[in-house]
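Remarks on the structure that follows.
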Amino acid sequence: NPIFFALVREASSGPLLCTWAFLAESKRPAWNDLHKFFLPGVCMFLNQFCYIVGTKLSSPILGAAWQPSQPVITAALAILIGWERATCLKVIGVLLAAGGGAFMVCFGRTIQSGSQEQLGNFLFFLNCLGNSLYILCTRPLMQKFPPISTTAWSYCWAAVLMGLTSLIINNIPAAFDTICPDCDGQAWAIPKHAILALLYYIIFLSTFAYGVMTWANQYAQASSVLAYTALQPLTAAVLAFVLIRSGYSESHPKTDLQEPGWNALGGVAILVALAMIIYDSKLTEQKLI
(Lines give C-alpha, C1' and ligand atoms only; values in the text may rest on other atoms or scores of the structure.)
Protein backbone atom coordinates (compact mmCIF):
# COMPACT_ATOMS: atom_id res chain seq x y z
CA ASN A 1 0.00 0.00 0.00
CA PRO A 2 1.83 3.15 -1.17
CA ILE A 3 0.00 5.44 1.29
CA PHE A 4 0.88 3.30 4.30
CA PHE A 5 4.46 3.10 2.98
CA ALA A 6 4.57 6.91 2.88
CA LEU A 7 2.97 7.16 6.34
CA VAL A 8 5.61 4.93 7.94
CA ARG A 9 8.30 6.90 6.14
CA GLU A 10 7.08 10.27 7.40
CA ALA A 11 6.13 9.12 10.90
CA SER A 12 9.68 7.78 11.28
CA SER A 13 11.53 10.65 9.58
CA GLY A 14 9.83 13.37 11.65
CA PRO A 15 11.17 12.13 15.03
CA LEU A 16 14.60 11.44 13.48
CA LEU A 17 14.78 14.99 12.17
CA CYS A 18 13.59 16.37 15.54
CA THR A 19 16.40 14.43 17.23
CA TRP A 20 18.91 15.78 14.71
CA ALA A 21 17.66 19.32 15.32
CA PHE A 22 17.81 18.87 19.11
CA LEU A 23 21.44 17.71 18.93
CA ALA A 24 22.70 20.09 16.24
CA GLU A 25 20.75 23.34 16.69
CA SER A 26 20.66 25.46 19.83
CA LYS A 27 17.72 27.58 18.68
CA ARG A 28 14.41 25.69 18.50
CA PRO A 29 10.85 26.74 17.64
CA ALA A 30 8.50 27.37 20.55
CA TRP A 31 5.29 25.36 20.81
CA ASN A 32 3.21 28.36 19.78
CA ASP A 33 5.29 28.63 16.58
CA LEU A 34 4.56 25.12 15.31
CA HIS A 35 1.50 26.21 13.32
CA LYS A 36 3.85 28.21 11.08
CA PHE A 37 5.20 24.96 9.63
CA PHE A 38 1.76 23.73 8.57
CA LEU A 39 1.91 25.17 5.03
CA PRO A 40 5.35 23.63 4.27
CA GLY A 41 3.96 20.40 5.73
CA VAL A 42 1.03 20.54 3.28
CA CYS A 43 3.49 21.06 0.39
CA MET A 44 5.62 18.14 1.58
CA PHE A 45 2.54 15.93 1.93
CA LEU A 46 1.41 16.88 -1.58
CA ASN A 47 4.85 16.10 -2.96
CA GLN A 48 5.22 12.68 -1.36
CA PHE A 49 1.62 11.47 -1.57
CA CYS A 50 1.31 12.31 -5.27
CA TYR A 51 4.69 10.81 -6.17
CA ILE A 52 4.24 7.43 -4.50
CA VAL A 53 0.59 7.02 -5.60
CA GLY A 54 1.47 8.19 -9.13
CA THR A 55 4.28 5.63 -9.28
CA LYS A 56 1.91 2.89 -8.12
CA LEU A 57 -0.76 3.79 -10.69
CA SER A 58 1.50 4.48 -13.69
CA SER A 59 5.26 3.82 -13.76
CA PRO A 60 8.51 4.94 -12.15
CA ILE A 61 9.82 5.92 -15.61
CA LEU A 62 7.01 8.44 -16.01
CA GLY A 63 7.68 9.72 -12.49
CA ALA A 64 11.40 10.10 -13.19
CA ALA A 65 10.64 11.97 -16.42
CA TRP A 66 8.68 14.57 -14.44
CA GLN A 67 11.32 15.26 -11.76
CA PRO A 68 13.56 17.57 -13.85
CA SER A 69 10.55 19.92 -14.20
CA GLN A 70 10.98 21.01 -10.57
CA PRO A 71 13.62 23.71 -11.22
CA VAL A 72 11.50 25.05 -14.09
CA ILE A 73 8.42 25.35 -11.85
CA THR A 74 10.48 26.81 -9.00
CA ALA A 75 12.22 29.38 -11.19
CA ALA A 76 8.91 30.43 -12.78
CA LEU A 77 7.26 30.91 -9.38
CA ALA A 78 10.29 32.68 -7.86
CA ILE A 79 10.47 35.09 -10.80
CA LEU A 80 6.69 35.63 -10.69
CA ILE A 81 6.73 36.70 -7.02
CA GLY A 82 9.84 38.83 -7.51
CA TRP A 83 12.34 36.76 -5.50
CA GLU A 84 14.62 36.08 -8.47
CA ARG A 85 15.53 37.80 -11.73
CA ALA A 86 14.92 36.13 -15.09
CA THR A 87 18.48 36.30 -16.42
CA CYS A 88 19.33 34.72 -19.76
CA LEU A 89 21.84 32.29 -18.22
CA LYS A 90 19.38 31.14 -15.57
CA VAL A 91 16.48 30.56 -17.96
CA ILE A 92 18.63 28.67 -20.48
CA GLY A 93 20.34 26.67 -17.72
CA VAL A 94 17.10 25.62 -16.03
CA LEU A 95 15.45 24.62 -19.31
CA LEU A 96 18.58 22.78 -20.48
CA ALA A 97 18.78 20.86 -17.19
CA ALA A 98 15.12 19.87 -17.38
CA GLY A 99 15.43 18.88 -21.04
CA GLY A 100 18.60 16.86 -20.45
CA GLY A 101 17.02 14.99 -17.55
CA ALA A 102 13.85 14.22 -19.49
CA PHE A 103 15.92 13.07 -22.49
CA MET A 104 17.94 10.66 -20.34
CA VAL A 105 14.77 9.12 -18.91
CA CYS A 106 12.56 9.01 -22.00
CA PHE A 107 14.92 8.37 -24.94
CA GLY A 108 14.51 4.84 -26.27
CA ARG A 109 11.65 4.00 -23.91
CA THR A 110 7.95 3.57 -24.60
CA ILE A 111 5.65 5.48 -22.26
CA GLN A 112 2.04 4.36 -22.45
CA SER A 113 -0.80 6.87 -22.64
CA GLY A 114 -3.77 5.11 -21.02
CA SER A 115 -6.10 6.48 -18.35
CA GLN A 116 -3.78 5.32 -15.55
CA GLU A 117 -0.85 7.13 -17.15
CA GLN A 118 -2.91 10.31 -17.57
CA LEU A 119 -3.80 10.22 -13.87
CA GLY A 120 -0.14 9.53 -13.15
CA ASN A 121 0.87 12.62 -15.15
CA PHE A 122 -1.51 14.77 -13.11
CA LEU A 123 -0.20 13.35 -9.82
CA PHE A 124 3.44 13.81 -10.87
CA PHE A 125 2.73 17.43 -11.78
CA LEU A 126 1.31 17.97 -8.27
CA ASN A 127 4.31 16.12 -6.84
CA CYS A 128 6.78 18.48 -8.54
CA LEU A 129 4.66 21.53 -7.74
CA GLY A 130 4.54 20.49 -4.07
CA ASN A 131 8.33 20.25 -3.80
CA SER A 132 8.77 23.62 -5.51
CA LEU A 133 6.27 25.23 -3.14
CA TYR A 134 8.01 23.60 -0.15
CA ILE A 135 11.30 25.26 -1.12
CA LEU A 136 9.61 28.63 -1.54
CA CYS A 137 7.53 28.35 1.66
CA THR A 138 10.51 27.49 3.87
CA ARG A 139 12.70 30.41 2.75
CA PRO A 140 10.91 33.06 4.87
CA LEU A 141 10.73 30.69 7.85
CA MET A 142 14.50 30.27 7.94
CA GLN A 143 14.97 33.96 8.67
CA LYS A 144 13.77 33.02 12.16
CA PHE A 145 14.11 29.24 12.50
CA PRO A 146 17.09 26.92 11.79
CA PRO A 147 16.87 24.59 8.75
CA ILE A 148 16.75 21.16 10.41
CA SER A 149 14.02 22.26 12.82
CA THR A 150 12.09 23.68 9.86
CA THR A 151 12.38 20.36 8.04
CA ALA A 152 11.52 18.34 11.15
CA TRP A 153 8.28 20.13 12.01
CA SER A 154 7.23 20.30 8.36
CA TYR A 155 7.69 16.53 8.26
CA CYS A 156 5.62 16.11 11.43
CA TRP A 157 2.72 18.04 9.86
CA ALA A 158 3.07 15.98 6.66
CA ALA A 159 2.92 12.78 8.76
CA VAL A 160 -0.32 13.96 10.40
CA LEU A 161 -1.87 14.67 6.99
CA MET A 162 -0.66 11.32 5.63
CA GLY A 163 -2.12 9.55 8.66
CA LEU A 164 -5.53 11.16 8.13
CA THR A 165 -5.40 10.32 4.43
CA SER A 166 -4.49 6.70 5.21
CA LEU A 167 -7.42 6.38 7.62
CA ILE A 168 -9.85 7.74 5.04
CA ILE A 169 -8.66 5.83 1.95
CA ASN A 170 -7.92 2.54 3.69
CA ASN A 171 -11.47 2.45 5.04
CA ILE A 172 -13.15 3.16 1.69
CA PRO A 173 -12.90 -0.13 -0.28
CA ALA A 174 -13.41 1.48 -3.70
CA ALA A 175 -10.67 4.08 -3.09
CA PHE A 176 -8.27 1.54 -1.60
CA ASP A 177 -8.76 -0.93 -4.46
CA THR A 178 -8.10 1.84 -6.99
CA ILE A 179 -4.83 2.90 -5.37
CA CYS A 180 -3.63 -0.59 -4.48
CA PRO A 181 -5.36 -3.25 -6.61
CA ASP A 182 -2.67 -5.84 -5.81
CA CYS A 183 -2.68 -5.42 -2.02
CA ASP A 184 -5.23 -8.22 -1.40
CA GLY A 185 -6.93 -6.12 1.24
CA GLN A 186 -3.75 -5.72 3.30
CA ALA A 187 -3.99 -1.98 3.88
CA TRP A 188 -1.77 -1.82 6.98
CA ALA A 189 0.98 -4.28 6.04
CA ILE A 190 4.55 -3.81 4.81
CA PRO A 191 5.91 -6.77 2.79
CA LYS A 192 9.22 -8.10 4.09
CA HIS A 193 10.95 -7.46 0.77
CA ALA A 194 10.03 -3.74 1.04
CA ILE A 195 11.61 -3.17 4.47
CA LEU A 196 15.09 -2.42 3.11
CA ALA A 197 13.67 0.09 0.61
CA LEU A 198 11.63 1.68 3.39
CA LEU A 199 14.69 2.07 5.62
CA TYR A 200 16.56 3.67 2.71
CA TYR A 201 13.66 6.08 2.17
CA ILE A 202 13.56 7.02 5.87
CA ILE A 203 17.28 7.48 6.50
CA PHE A 204 18.62 8.84 3.23
CA LEU A 205 15.82 10.17 1.04
CA SER A 206 13.83 11.74 3.88
CA THR A 207 15.96 12.55 6.92
CA PHE A 208 19.28 13.30 5.22
CA ALA A 209 18.22 14.57 1.79
CA TYR A 210 15.43 16.86 2.98
CA GLY A 211 17.52 18.17 5.87
CA VAL A 212 20.42 19.04 3.59
CA MET A 213 18.13 20.47 0.89
CA THR A 214 16.42 22.79 3.39
CA TRP A 215 19.80 23.80 4.80
CA ALA A 216 21.01 24.69 1.28
CA ASN A 217 17.81 26.66 0.71
CA GLN A 218 18.90 29.34 3.18
CA TYR A 219 22.06 30.08 1.18
CA ALA A 220 21.24 29.42 -2.49
CA GLN A 221 18.49 30.69 -4.76
CA ALA A 222 15.40 28.48 -4.82
CA SER A 223 15.81 27.62 -8.50
CA SER A 224 19.44 26.61 -7.89
CA VAL A 225 18.48 24.29 -5.02
CA LEU A 226 16.13 22.23 -7.18
CA ALA A 227 18.27 22.47 -10.32
CA TYR A 228 20.21 19.53 -8.92
CA THR A 229 17.16 17.26 -9.25
CA ALA A 230 18.20 17.03 -12.89
CA LEU A 231 21.21 15.02 -11.68
CA GLN A 232 18.94 12.15 -10.57
CA PRO A 233 18.71 10.40 -13.97
CA LEU A 234 22.44 10.96 -14.57
CA THR A 235 23.30 9.44 -11.19
CA ALA A 236 20.91 6.54 -11.85
CA ALA A 237 22.54 5.90 -15.23
CA VAL A 238 26.03 5.79 -13.68
CA LEU A 239 24.88 3.43 -10.91
CA ALA A 240 23.09 1.19 -13.43
CA PHE A 241 26.29 0.96 -15.49
CA VAL A 242 28.34 0.04 -12.40
CA LEU A 243 25.82 -2.58 -11.23
CA ILE A 244 25.56 -4.19 -14.67
CA ARG A 245 29.32 -4.31 -15.18
CA SER A 246 29.84 -5.74 -11.68
CA GLY A 247 27.49 -8.65 -12.45
CA TYR A 248 24.69 -7.55 -10.12
CA SER A 249 21.99 -7.59 -12.81
CA GLU A 250 22.88 -11.19 -13.76
CA SER A 251 22.38 -12.39 -10.19
CA HIS A 252 19.23 -10.23 -9.82
CA PRO A 253 17.41 -10.58 -13.18
CA LYS A 254 14.22 -8.91 -11.92
CA THR A 255 15.95 -5.54 -11.48
CA ASP A 256 15.50 -4.66 -15.20
CA LEU A 257 18.61 -2.45 -15.34
CA GLN A 258 19.74 -0.95 -18.65
CA GLU A 259 23.11 0.48 -19.58
CA PRO A 260 23.00 4.09 -20.78
CA GLY A 261 23.25 4.57 -24.54
CA TRP A 262 22.65 7.69 -26.61
CA ASN A 263 20.53 9.00 -23.74
CA ALA A 264 23.82 9.66 -21.91
CA LEU A 265 24.10 12.81 -24.04
CA GLY A 266 21.40 14.23 -21.78
CA GLY A 267 23.92 13.96 -18.94
CA VAL A 268 26.28 16.30 -20.80
CA ALA A 269 23.45 18.81 -21.15
CA ILE A 270 22.73 18.53 -17.41
CA LEU A 271 26.34 19.23 -16.43
CA VAL A 272 26.55 22.21 -18.80
CA ALA A 273 23.24 23.52 -17.45
CA LEU A 274 24.35 23.26 -13.81
CA ALA A 275 27.57 25.09 -14.66
CA MET A 276 25.49 27.89 -16.23
CA ILE A 277 23.21 28.11 -13.17
CA ILE A 278 26.14 28.18 -10.72
CA TYR A 279 27.89 30.87 -12.79
CA ASP A 280 24.69 32.92 -12.92
CA SER A 281 24.35 32.66 -9.12
CA LYS A 282 27.92 33.93 -8.67
CA LEU A 283 27.26 36.85 -11.01
CA THR A 284 24.13 37.72 -9.02
CA GLU A 285 26.06 37.60 -5.73
CA GLN A 286 28.79 39.87 -7.14
CA LYS A 287 26.20 42.44 -8.22
CA LEU A 288 24.70 42.45 -4.72
CA ILE A 289 28.06 43.10 -3.05
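Every chain in the C-alpha coordinates has a letter given in the order shown (A, B, ...), and although residue numbers restart at 1 in each chain, ligands are simply numbered from 1 in the order shown.
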
Compile a residue-level contact table for stretch 21-118 of chain A against stretch 221-226 of chain A at a cut-off of 7 Å, reporting for every qualifying residue the shortest atom pair and its distance in Å to one decimal, with only C-alpha atoms counted, rows ordered by chain and ascending number, as a tab-separated table.
```
residue	atom	partner	partner_atom	distance
A:Gln70	CA	A:Leu226	CA	6.3
A:Pro71	CA	A:Leu226	CA	5.0
A:Thr74	CA	A:Ser223	CA	5.4
A:Ala75	CA	A:Ser223	CA	4.8
```

Exercise. Extract the full set of alpha helix (DSSP H) residues from stretch 101-225 of chain A according to DSSP on the backbone, and format it as a ChimeraX atom specification.
Key: /A:101-106,115-141,147-170,173-179,195-200,209-217,222-225

Quiz item: When you draw a straight line from atom CA of A:Leu95 to atom CA of A:Phe107, how long is it in Å?
Solution: 17.2 Å

Self-check item: Non-local contacts of A:Pro2 (9 Å; only C-alpha atoms; under 4 positions in same chain excluded) as a list in words
Solution: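 The residues satisfying every condition are Ala6, Leu7, Phe49, Ile52, Val53, Thr55, Lys56, Ile179 and Cys180 of chain A.
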
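If you measure from each of A:Ala275, A:Met44, A:Ile3, A:Leu164 to A:Cys183 using only C-alpha atoms, the closest one turns out to be A:Ile3.
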